[in-house]
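For reference, final.pdb (PDB, C-alpha atoms, pLDDT in the B column):
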ATOM      1  CA  MET E   1     115.367 -50.097 -27.918  1.00 33.00           C
ATOM      2  CA  ALA E   2     115.054 -51.172 -31.526  1.00 35.00           C
ATOM      3  CA  SER E   3     112.069 -49.889 -33.459  1.00 38.00           C
ATOM      4  CA  THR E   4     109.746 -52.050 -35.549  1.00 38.00           C
ATOM      5  CA  ALA E   5     110.382 -49.626 -38.431  1.00 40.00           C
ATOM      6  CA  VAL E   6     112.663 -50.412 -41.332  1.00 37.00           C
ATOM      7  CA  ALA E   7     114.193 -48.038 -43.846  1.00 39.00           C
ATOM      8  CA  ALA E   8     111.656 -49.048 -46.507  1.00 50.00           C
ATOM      9  CA  GLY E   9     108.807 -47.915 -44.275  1.00 59.00           C
ATOM     10  CA  GLN E  10     105.629 -49.633 -43.189  1.00 63.00           C
ATOM     11  CA  VAL E  11     102.052 -49.345 -44.332  1.00 63.00           C
ATOM     12  CA  LEU E  12     100.095 -47.360 -41.767  1.00 63.00           C
ATOM     13  CA  ASP E  13      96.739 -49.089 -41.576  1.00 61.00           C
ATOM     14  CA  GLY E  14      94.990 -51.787 -39.604  1.00 56.00           C
ATOM     15  CA  SER E  15      96.419 -54.555 -41.789  1.00 67.00           C
ATOM     16  CA  ASN E  16      99.792 -53.938 -40.162  1.00 71.00           C
ATOM     17  CA  PRO E  17     100.052 -55.744 -36.795  1.00 73.00           C
ATOM     18  CA  ALA E  18     102.264 -52.934 -35.476  1.00 70.00           C
ATOM     19  CA  VAL E  19      99.528 -50.379 -36.216  1.00 70.00           C
ATOM     20  CA  ALA E  20      96.972 -52.634 -34.539  1.00 72.00           C
ATOM     21  CA  ARG E  21      99.235 -52.761 -31.484  1.00 79.00           C
ATOM     22  CA  VAL E  22      99.581 -48.966 -31.477  1.00 73.00           C
ATOM     23  CA  ARG E  23      95.805 -48.700 -31.391  1.00 75.00           C
ATOM     24  CA  GLN E  24      95.684 -51.072 -28.444  1.00 72.00           C
ATOM     25  CA  LEU E  25      98.282 -49.037 -26.558  1.00 71.00           C
ATOM     26  CA  ILE E  26      96.615 -45.713 -27.352  1.00 78.00           C
ATOM     27  CA  GLY E  27      93.323 -47.243 -26.266  1.00 71.00           C
ATOM     28  CA  GLY E  28      91.127 -45.371 -28.733  1.00 56.00           C
ATOM     29  CA  ARG E  29      90.999 -42.322 -26.484  1.00 53.00           C
ATOM     30  CA  GLN E  30      89.962 -39.004 -27.975  1.00 52.00           C
ATOM     31  CA  GLU E  31      92.084 -36.979 -25.595  1.00 50.00           C
ATOM     32  CA  TYR E  32      95.759 -36.341 -26.304  1.00 55.00           C
ATOM     33  CA  SER E  33      97.703 -38.231 -23.652  1.00 62.00           C
ATOM     34  CA  PRO E  34     101.397 -39.075 -23.454  1.00 66.00           C
ATOM     35  CA  ASP E  35     100.769 -42.430 -21.789  1.00 78.00           C
ATOM     36  CA  GLY E  36      99.861 -44.514 -24.825  1.00 76.00           C
ATOM     37  CA  TRP E  37     102.514 -42.930 -27.025  1.00 78.00           C
ATOM     38  CA  SER E  38     105.140 -43.535 -24.335  1.00 80.00           C
ATOM     39  CA  ARG E  39     104.189 -47.207 -24.214  1.00 81.00           C
ATOM     40  CA  CYS E  40     104.611 -47.397 -27.992  1.00 82.00           C
ATOM     41  CA  TRP E  41     108.159 -46.058 -27.771  1.00 79.00           C
ATOM     42  CA  GLU E  42     109.025 -48.191 -24.762  1.00 82.00           C
ATOM     43  CA  GLU E  43     107.872 -51.331 -26.593  1.00 78.00           C
ATOM     44  CA  GLY E  44     109.530 -50.255 -29.831  1.00 77.00           C
ATOM     45  CA  VAL E  45     106.181 -50.253 -31.627  1.00 74.00           C
ATOM     46  CA  THR E  46     106.658 -47.230 -33.885  1.00 73.00           C
ATOM     47  CA  PRO E  47     105.551 -48.170 -37.414  1.00 70.00           C
ATOM     48  CA  TRP E  48     105.539 -44.522 -38.514  1.00 73.00           C
ATOM     49  CA  ASP E  49     109.286 -44.218 -37.783  1.00 74.00           C
ATOM     50  CA  LEU E  50     111.411 -44.689 -40.916  1.00 78.00           C
ATOM     51  CA  GLY E  51     114.676 -44.774 -38.987  1.00 82.00           C
ATOM     52  CA  GLN E  52     115.959 -42.023 -41.274  1.00 86.00           C
ATOM     53  CA  PRO E  53     114.794 -38.620 -42.590  1.00 91.00           C
ATOM     54  CA  THR E  54     111.542 -38.597 -44.544  1.00 91.00           C
ATOM     55  CA  PRO E  55     112.498 -38.580 -48.261  1.00 92.00           C
ATOM     56  CA  ALA E  56     110.259 -35.559 -48.873  1.00 93.00           C
ATOM     57  CA  VAL E  57     112.218 -33.632 -46.242  1.00 94.00           C
ATOM     58  CA  VAL E  58     115.485 -34.478 -47.979  1.00 95.00           C
ATOM     59  CA  GLU E  59     113.995 -33.190 -51.240  1.00 94.00           C
ATOM     60  CA  LEU E  60     112.803 -29.975 -49.568  1.00 93.00           C
ATOM     61  CA  VAL E  61     116.278 -29.292 -48.239  1.00 94.00           C
ATOM     62  CA  LYS E  62     117.802 -29.949 -51.670  1.00 93.00           C
ATOM     63  CA  SER E  63     115.263 -27.626 -53.327  1.00 92.00           C
ATOM     64  CA  GLY E  64     116.699 -24.549 -51.658  1.00 90.00           C
ATOM     65  CA  THR E  65     113.191 -23.214 -50.980  1.00 90.00           C
ATOM     66  CA  LEU E  66     113.306 -23.439 -47.187  1.00 92.00           C
ATOM     67  CA  PRO E  67     113.751 -20.208 -45.218  1.00 90.00           C
ATOM     68  CA  GLY E  68     117.207 -19.250 -43.970  1.00 89.00           C
ATOM     69  CA  GLY E  69     118.816 -16.168 -42.555  1.00 91.00           C
ATOM     70  CA  GLY E  70     118.076 -17.040 -38.955  1.00 92.00           C
ATOM     71  CA  ALA E  71     114.741 -18.736 -39.641  1.00 96.00           C
ATOM     72  CA  THR E  72     113.172 -20.960 -36.998  1.00 97.00           C
ATOM     73  CA  VAL E  73     111.371 -24.209 -37.789  1.00 98.00           C
ATOM     74  CA  LEU E  74     109.081 -26.387 -35.673  1.00 98.00           C
ATOM     75  CA  VAL E  75     108.521 -30.119 -36.192  1.00 98.00           C
ATOM     76  CA  PRO E  76     105.671 -31.173 -33.873  1.00 97.00           C
ATOM     77  CA  GLY E  77     105.382 -34.851 -33.090  1.00 92.00           C
ATOM     78  CA  CYS E  78     109.029 -35.196 -34.092  1.00 94.00           C
ATOM     79  CA  GLY E  79     109.531 -38.682 -32.662  1.00 90.00           C
ATOM     80  CA  ALA E  80     113.159 -39.759 -32.998  1.00 89.00           C
ATOM     81  CA  GLY E  81     113.973 -36.467 -34.680  1.00 93.00           C
ATOM     82  CA  TYR E  82     115.453 -37.529 -38.013  1.00 93.00           C
ATOM     83  CA  ASP E  83     113.544 -34.806 -39.868  1.00 95.00           C
ATOM     84  CA  VAL E  84     114.608 -32.213 -37.301  1.00 96.00           C
ATOM     85  CA  VAL E  85     118.285 -32.789 -37.968  1.00 95.00           C
ATOM     86  CA  ALA E  86     117.746 -33.024 -41.735  1.00 95.00           C
ATOM     87  CA  LEU E  87     115.902 -29.687 -41.836  1.00 96.00           C
ATOM     88  CA  SER E  88     118.515 -27.872 -39.765  1.00 95.00           C
ATOM     89  CA  GLY E  89     121.441 -26.033 -41.259  1.00 91.00           C
ATOM     90  CA  PRO E  90     123.372 -22.779 -41.222  1.00 87.00           C
ATOM     91  CA  GLY E  91     120.869 -19.972 -40.797  1.00 90.00           C
ATOM     92  CA  ARG E  92     117.998 -22.318 -39.886  1.00 94.00           C
ATOM     93  CA  PHE E  93     117.300 -23.480 -36.307  1.00 96.00           C
ATOM     94  CA  VAL E  94     114.874 -26.376 -35.856  1.00 97.00           C
ATOM     95  CA  VAL E  95     112.929 -27.367 -32.755  1.00 98.00           C
ATOM     96  CA  GLY E  96     111.670 -30.927 -32.460  1.00 97.00           C
ATOM     97  CA  LEU E  97     108.659 -31.204 -30.159  1.00 97.00           C
ATOM     98  CA  ASP E  98     107.177 -34.431 -28.834  1.00 93.00           C
ATOM     99  CA  ILE E  99     104.919 -35.238 -25.907  1.00 90.00           C
ATOM    100  CA  CYS E 100     106.810 -38.478 -25.259  1.00 88.00           C
ATOM    101  CA  GLU E 101     109.950 -38.132 -23.158  1.00 90.00           C
ATOM    102  CA  THR E 102     111.199 -41.513 -24.360  1.00 89.00           C
ATOM    103  CA  ALA E 103     111.114 -40.341 -27.980  1.00 90.00           C
ATOM    104  CA  VAL E 104     112.882 -37.091 -27.125  1.00 94.00           C
ATOM    105  CA  ALA E 105     115.559 -38.964 -25.168  1.00 92.00           C
ATOM    106  CA  LYS E 106     116.171 -41.196 -28.180  1.00 91.00           C
ATOM    107  CA  ALA E 107     116.378 -38.169 -30.465  1.00 94.00           C
ATOM    108  CA  LYS E 108     118.903 -36.455 -28.230  1.00 95.00           C
ATOM    109  CA  GLN E 109     120.992 -39.597 -27.904  1.00 91.00           C
ATOM    110  CA  TRP E 110     121.430 -40.456 -31.569  1.00 90.00           C
ATOM    111  CA  SER E 111     121.745 -36.809 -32.741  1.00 93.00           C
ATOM    112  CA  ALA E 112     124.425 -35.867 -30.210  1.00 89.00           C
ATOM    113  CA  ALA E 113     127.210 -36.483 -32.722  1.00 84.00           C
ATOM    114  CA  ALA E 114     125.598 -34.065 -35.200  1.00 80.00           C
ATOM    115  CA  ALA E 115     124.878 -31.348 -32.643  1.00 78.00           C
ATOM    116  CA  PRO E 116     127.282 -28.383 -32.547  1.00 76.00           C
ATOM    117  CA  ALA E 117     128.614 -27.486 -29.125  1.00 68.00           C
ATOM    118  CA  ASP E 118     126.774 -24.163 -29.149  1.00 71.00           C
ATOM    119  CA  GLY E 119     123.401 -25.781 -29.907  1.00 70.00           C
ATOM    120  CA  SER E 120     122.962 -23.525 -32.924  1.00 78.00           C
ATOM    121  CA  LEU E 121     121.251 -25.974 -35.284  1.00 92.00           C
ATOM    122  CA  PHE E 122     118.500 -27.857 -33.447  1.00 95.00           C
ATOM    123  CA  ALA E 123     116.968 -28.687 -30.097  1.00 95.00           C
ATOM    124  CA  PHE E 124     114.455 -31.204 -28.754  1.00 96.00           C
ATOM    125  CA  VAL E 125     111.656 -30.429 -26.305  1.00 97.00           C
ATOM    126  CA  ALA E 126     109.405 -32.881 -24.441  1.00 95.00           C
ATOM    127  CA  ALA E 127     106.110 -31.031 -24.063  1.00 94.00           C
ATOM    128  CA  ASP E 128     102.432 -31.031 -25.042  1.00 92.00           C
ATOM    129  CA  PHE E 129     101.871 -29.385 -28.436  1.00 94.00           C
ATOM    130  CA  PHE E 130      98.550 -27.964 -27.208  1.00 94.00           C
ATOM    131  CA  THR E 131      99.925 -26.187 -24.145  1.00 94.00           C
ATOM    132  CA  TRP E 132     103.618 -25.558 -24.885  1.00 96.00           C
ATOM    133  CA  GLU E 133     104.564 -21.899 -25.123  1.00 96.00           C
ATOM    134  CA  PRO E 134     107.821 -21.217 -26.991  1.00 97.00           C
ATOM    135  CA  PRO E 135     109.685 -17.918 -26.518  1.00 94.00           C
ATOM    136  CA  GLU E 136     108.799 -16.846 -30.070  1.00 95.00           C
ATOM    137  CA  ARG E 137     106.770 -17.964 -33.062  1.00 97.00           C
ATOM    138  CA  PHE E 138     108.180 -19.924 -35.978  1.00 97.00           C
ATOM    139  CA  ASP E 139     108.884 -19.078 -39.609  1.00 96.00           C
ATOM    140  CA  LEU E 140     108.017 -22.607 -40.732  1.00 97.00           C
ATOM    141  CA  ILE E 141     106.141 -25.569 -39.270  1.00 98.00           C
ATOM    142  CA  PHE E 142     106.441 -29.041 -40.801  1.00 97.00           C
ATOM    143  CA  ASP E 143     103.732 -31.636 -40.074  1.00 95.00           C
ATOM    144  CA  TYR E 144     103.948 -35.299 -41.090  1.00 89.00           C
ATOM    145  CA  THR E 145     101.860 -38.120 -39.573  1.00 81.00           C
ATOM    146  CA  PHE E 146     100.852 -35.667 -36.829  1.00 91.00           C
ATOM    147  CA  PHE E 147      97.455 -34.396 -38.009  1.00 92.00           C
ATOM    148  CA  CYS E 148      96.274 -37.921 -38.854  1.00 86.00           C
ATOM    149  CA  ALA E 149      97.293 -39.188 -35.403  1.00 85.00           C
ATOM    150  CA  PHE E 150      94.613 -37.082 -33.718  1.00 87.00           C
ATOM    151  CA  HIS E 151      90.992 -38.055 -33.322  1.00 86.00           C
ATOM    152  CA  PRO E 152      88.995 -35.876 -35.791  1.00 90.00           C
ATOM    153  CA  SER E 153      87.380 -34.039 -32.876  1.00 92.00           C
ATOM    154  CA  MET E 154      90.814 -32.571 -32.046  1.00 91.00           C
ATOM    155  CA  ARG E 155      91.585 -31.199 -35.487  1.00 95.00           C
ATOM    156  CA  PRO E 156      90.186 -27.679 -34.910  1.00 97.00           C
ATOM    157  CA  ALA E 157      92.457 -27.419 -31.856  1.00 96.00           C
ATOM    158  CA  TRP E 158      95.392 -28.611 -34.002  1.00 96.00           C
ATOM    159  CA  ALA E 159      94.702 -25.841 -36.510  1.00 97.00           C
ATOM    160  CA  LYS E 160      94.382 -23.196 -33.798  1.00 97.00           C
ATOM    161  CA  ARG E 161      97.755 -24.172 -32.358  1.00 97.00           C
ATOM    162  CA  MET E 162      99.349 -24.034 -35.805  1.00 97.00           C
ATOM    163  CA  ALA E 163      98.030 -20.488 -36.189  1.00 97.00           C
ATOM    164  CA  ASP E 164      99.242 -19.531 -32.719  1.00 96.00           C
ATOM    165  CA  LEU E 165     102.739 -20.949 -33.217  1.00 97.00           C
ATOM    166  CA  LEU E 166     103.367 -19.615 -36.719  1.00 96.00           C
ATOM    167  CA  LYS E 167     104.523 -16.091 -37.498  1.00 95.00           C
ATOM    168  CA  PRO E 168     101.963 -14.035 -39.470  1.00 92.00           C
ATOM    169  CA  ASP E 169     104.101 -14.329 -42.619  1.00 91.00           C
ATOM    170  CA  GLY E 170     105.203 -17.887 -41.876  1.00 94.00           C
ATOM    171  CA  GLU E 171     104.599 -21.071 -43.838  1.00 96.00           C
ATOM    172  CA  LEU E 172     102.997 -24.375 -42.863  1.00 98.00           C
ATOM    173  CA  ILE E 173     104.021 -27.492 -44.775  1.00 97.00           C
ATOM    174  CA  THR E 174     101.777 -30.524 -44.352  1.00 97.00           C
ATOM    175  CA  LEU E 175     102.921 -33.870 -45.678  1.00 93.00           C
ATOM    176  CA  MET E 176      99.491 -35.456 -45.692  1.00 91.00           C
ATOM    177  CA  TYR E 177      99.046 -39.164 -45.082  1.00 84.00           C
ATOM    178  CA  LEU E 178      95.577 -39.705 -46.531  1.00 87.00           C
ATOM    179  CA  ALA E 179      94.429 -42.822 -44.729  1.00 76.00           C
ATOM    180  CA  GLN E 180      91.093 -44.213 -45.899  1.00 78.00           C
ATOM    181  CA  GLY E 181      88.813 -47.085 -44.904  1.00 72.00           C
ATOM    182  CA  GLN E 182      90.042 -47.211 -41.314  1.00 71.00           C
ATOM    183  CA  GLU E 183      87.537 -48.256 -38.656  1.00 73.00           C
ATOM    184  CA  ALA E 184      89.717 -46.732 -35.948  1.00 69.00           C
ATOM    185  CA  GLY E 185      92.954 -44.845 -35.517  1.00 66.00           C
ATOM    186  CA  PRO E 186      95.616 -43.698 -35.426  1.00 77.00           C
ATOM    187  CA  PRO E 187      96.052 -42.994 -38.219  1.00 80.00           C
ATOM    188  CA  PHE E 188      92.497 -41.747 -38.635  1.00 83.00           C
ATOM    189  CA  ASN E 189      90.800 -41.372 -41.997  1.00 88.00           C
ATOM    190  CA  THR E 190      92.029 -38.156 -43.572  1.00 91.00           C
ATOM    191  CA  THR E 191      91.349 -36.135 -46.721  1.00 94.00           C
ATOM    192  CA  VAL E 192      92.691 -32.859 -48.082  1.00 95.00           C
ATOM    193  CA  LEU E 193      89.270 -31.387 -47.308  1.00 96.00           C
ATOM    194  CA  ASP E 194      89.760 -32.267 -43.629  1.00 96.00           C
ATOM    195  CA  TYR E 195      92.784 -29.962 -43.536  1.00 96.00           C
ATOM    196  CA  GLU E 196      90.969 -27.211 -45.423  1.00 97.00           C
ATOM    197  CA  GLU E 197      87.932 -27.325 -43.143  1.00 97.00           C
ATOM    198  CA  VAL E 198      90.006 -26.448 -40.065  1.00 97.00           C
ATOM    199  CA  LEU E 199      92.709 -24.260 -41.617  1.00 97.00           C
ATOM    200  CA  LYS E 200      90.697 -22.033 -43.975  1.00 96.00           C
ATOM    201  CA  PRO E 201      88.606 -20.409 -41.203  1.00 96.00           C
ATOM    202  CA  LEU E 202      91.904 -19.265 -39.669  1.00 96.00           C
ATOM    203  CA  GLY E 203      93.018 -17.618 -42.889  1.00 94.00           C
ATOM    204  CA  PHE E 204      95.236 -20.366 -44.294  1.00 96.00           C
ATOM    205  CA  VAL E 205      95.286 -20.908 -48.054  1.00 95.00           C
ATOM    206  CA  ILE E 206      97.102 -23.571 -50.054  1.00 96.00           C
ATOM    207  CA  THR E 207      99.849 -22.076 -52.207  1.00 96.00           C
ATOM    208  CA  SER E 208     100.865 -25.419 -53.713  1.00 95.00           C
ATOM    209  CA  ILE E 209      99.865 -29.067 -53.462  1.00 96.00           C
ATOM    210  CA  GLN E 210     101.238 -32.121 -55.208  1.00 94.00           C
ATOM    211  CA  ASP E 211     101.567 -35.863 -54.866  1.00 93.00           C
ATOM    212  CA  ASN E 212     104.509 -37.012 -52.785  1.00 91.00           C
ATOM    213  CA  HIS E 213     106.496 -38.732 -55.529  1.00 91.00           C
ATOM    214  CA  VAL E 214     109.255 -39.779 -53.129  1.00 88.00           C
ATOM    215  CA  ALA E 215     107.000 -41.503 -50.589  1.00 83.00           C
ATOM    216  CA  VAL E 216     108.313 -44.795 -49.254  1.00 79.00           C
ATOM    217  CA  LYS E 217     106.878 -47.706 -51.232  1.00 80.00           C
ATOM    218  CA  PRO E 218     104.100 -48.837 -48.836  1.00 75.00           C
ATOM    219  CA  ARG E 219     102.746 -45.266 -48.725  1.00 77.00           C
ATOM    220  CA  GLN E 220     102.997 -44.358 -52.411  1.00 80.00           C
ATOM    221  CA  GLY E 221      99.785 -42.923 -53.802  1.00 80.00           C
ATOM    222  CA  MET E 222      98.563 -42.070 -50.289  1.00 77.00           C
ATOM    223  CA  GLU E 223     100.496 -38.861 -49.627  1.00 89.00           C
ATOM    224  CA  LYS E 224     100.364 -35.268 -50.788  1.00 94.00           C
ATOM    225  CA  ILE E 225     102.552 -32.374 -49.761  1.00 94.00           C
ATOM    226  CA  ALA E 226     100.909 -28.973 -49.370  1.00 96.00           C
ATOM    227  CA  LYS E 227     102.272 -25.555 -48.535  1.00 96.00           C
ATOM    228  CA  TRP E 228     100.052 -23.047 -46.726  1.00 97.00           C
ATOM    229  CA  LYS E 229     100.264 -19.306 -46.053  1.00 95.00           C
ATOM    230  CA  ARG E 230      97.986 -17.174 -43.883  1.00 86.00           C
ATOM    231  CA  MET E 231      96.049 -14.371 -45.522  1.00 78.00           C
ATOM    232  CA  ALA E 232      96.830 -10.908 -44.159  1.00 60.00           C
ATOM    233  CA  ASN E 233      93.117 -10.295 -43.568  1.00 56.00           C
ATOM    234  CA  PRO E 234      91.340 -13.606 -43.016  1.00 54.00           C
ATOM    235  CA  THR E 235      87.571 -13.764 -43.345  1.00 51.00           C
ATOM    236  CA  ASN E 236      87.279 -14.125 -39.586  1.00 49.00           C
ATOM    237  CA  PRO E 237      89.027 -11.049 -38.145  1.00 42.00           C
ATOM    238  CA  ASP E 238      89.224 -12.669 -34.721  1.00 46.00           C
ATOM    239  CA  SER E 239      91.602 -15.288 -36.157  1.00 42.00           C
ATOM    240  CA  ALA E 240      94.244 -12.772 -37.173  1.00 42.00           C
ATOM    241  CA  GLN E 241      97.277 -12.968 -34.969  1.00 42.00           C
TER
END
Structure re-expressed in structure tokens:
Amino acid sequence: MASTAVAAGQVLDGSNPAVARVRQLIGGRQEYSPDGWSRCWEEGVTPWDLGQPTPAVVELVKSGTLPGGGATVLVPGCGAGYDVVALSGPGRFVVGLDICETAVAKAKQWSAAAAPADGSLFAFVAADFFTWEPPERFDLIFDYTFFCAFHPSMRPAWAKRMADLLKPDGELITLMYLAQGQEAGPPFNTTVLDYEEVLKPLGFVITSIQDNHVAVKPRQGMEKIAKWKRMANPTNPDSAQ
């Protein structure tokens, strides 16, 4: 089914009828349920979907700073999986995770031509981010339009799962969509401080943060990309993994 997204991207706020429709389908619930998200994909109402890799992901791959040598990467809320395939490469295996089976089916379908026969580059999993248990932790987790999709009451649980799924010496990259002035969500109002408030108690510190200069036009000036590492001895010893 065709998506409402176009390559140029869409603004992600209530002025966009597609975002308003997403909010209707999600129903304003605080709990994380696959039902509303599945309806979005079934109706093709996916304004967050660029139909191609996120430009910032392309730049990260070009930078040569991503881990290799057998590194594993997780992209939660991967949707159609364009970023999953873009991040994958020799020496780097990427898992795309999404609660919506329709999204995962779409990702598997279009990416089949790029998938090696031995499945050595990427895989897609339909499961709940908050309960899924992978066989091992990840070297890198990439989050884009995932944090802001959750009701603010769920953000501490988001941070806890990030800590649980990341290796102690791993890296979290958050491409932050800093929505403001929204009366509802998703996306919910978000600031850099919102990330810090839930990640810092678990020992995460920002190692770099900058404006996303390659954001698609409707989102320019609203995005920052931050890299996080966990301290070896966080302030709260119970949070050490």
Explicit residues for the PyMOL selection byres ((chain E and resi 60) around 12) (as a PyMOL selection string): chain E and resi 53-59+61-67+83+86-88+142+173+175+212+214+225-227
Those residues you just picked out, can you put them in a file as a PDB file, in the frame of the given file with C-alpha atoms?
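Once written, selection25.pdb looks like this:
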ATOM      1  CA  PRO E  53     114.794 -38.620 -42.590  1.00 91.00           C
ATOM      2  CA  THR E  54     111.542 -38.597 -44.544  1.00 91.00           C
ATOM      3  CA  PRO E  55     112.498 -38.580 -48.261  1.00 92.00           C
ATOM      4  CA  ALA E  56     110.259 -35.559 -48.873  1.00 93.00           C
ATOM      5  CA  VAL E  57     112.218 -33.632 -46.242  1.00 94.00           C
ATOM      6  CA  VAL E  58     115.485 -34.478 -47.979  1.00 95.00           C
ATOM      7  CA  GLU E  59     113.995 -33.190 -51.240  1.00 94.00           C
ATOM      8  CA  VAL E  61     116.278 -29.292 -48.239  1.00 94.00           C
ATOM      9  CA  LYS E  62     117.802 -29.949 -51.670  1.00 93.00           C
ATOM     10  CA  SER E  63     115.263 -27.626 -53.327  1.00 92.00           C
ATOM     11  CA  GLY E  64     116.699 -24.549 -51.658  1.00 90.00           C
ATOM     12  CA  THR E  65     113.191 -23.214 -50.980  1.00 90.00           C
ATOM     13  CA  LEU E  66     113.306 -23.439 -47.187  1.00 92.00           C
ATOM     14  CA  PRO E  67     113.751 -20.208 -45.218  1.00 90.00           C
ATOM     15  CA  ASP E  83     113.544 -34.806 -39.868  1.00 95.00           C
ATOM     16  CA  ALA E  86     117.746 -33.024 -41.735  1.00 95.00           C
ATOM     17  CA  LEU E  87     115.902 -29.687 -41.836  1.00 96.00           C
ATOM     18  CA  SER E  88     118.515 -27.872 -39.765  1.00 95.00           C
ATOM     19  CA  PHE E 142     106.441 -29.041 -40.801  1.00 97.00           C
ATOM     20  CA  ILE E 173     104.021 -27.492 -44.775  1.00 97.00           C
ATOM     21  CA  LEU E 175     102.921 -33.870 -45.678  1.00 93.00           C
ATOM     22  CA  ASN E 212     104.509 -37.012 -52.785  1.00 91.00           C
ATOM     23  CA  VAL E 214     109.255 -39.779 -53.129  1.00 88.00           C
ATOM     24  CA  ILE E 225     102.552 -32.374 -49.761  1.00 94.00           C
ATOM     25  CA  ALA E 226     100.909 -28.973 -49.370  1.00 96.00           C
ATOM     26  CA  LYS E 227     102.272 -25.555 -48.535  1.00 96.00           C
TER      27      LYS E 227
END
Computed interatomic separation between CA of Ala159 in chain E and CA of Thr190 in chain E (Å):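 It comes out at 14.4 Å.
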Give as a list of chain:residue names every residue, naming chains and numbers as the document does, that has an atom within 10 Å of (100.0, -36.3, -41.3), counting all atoms listed in the file.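 Protein and nucleic acid residues near the point are E:Gly77, E:Phe142, E:Asp143, E:Tyr144, E:Thr145, E:Phe146, E:Phe147, E:Cys148, E:Ala149, E:Phe150, E:Thr174, E:Leu175, E:Met176, E:Tyr177, E:Leu178, E:Ala179, E:Pro187, E:Phe188, E:Thr190, E:Tyr195, E:Glu223, E:Lys224, E:Ile225.
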Quick one: pull the distance between CA of Trp228 in chain E and CA of Gly119 in chain E, Å, one decimal. 28.9 Å
Residue members of the PyMOL selection byres ((chain E and resi 41) around 10) in the file shown, as a PyMOL selection string: chain E and resi 1-4+22+36-40+42-46+79-80+100-103+106
Would you pick out the contacts of Gly91 in chain E at 6 Å or less, using all atoms listed in the file, so that residues sharing its chain but fewer than 5 positions from it are not included, and give the list as number ranges by chain? E: 68-70
Write a file of the selected residues as a compact mmCIF listing (two decimals), in the coordinates of the input, keeping C-alpha atoms.
# COMPACT_ATOMS: atom_id res chain seq x y z
CA GLY E 68 117.21 -19.25 -43.97
CA GLY E 69 118.82 -16.17 -42.56
CA GLY E 70 118.08 -17.04 -38.96
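As for CA of Leu193 in chain E and CA of Val73 in chain E, they are spaced 25.1 Å apart.
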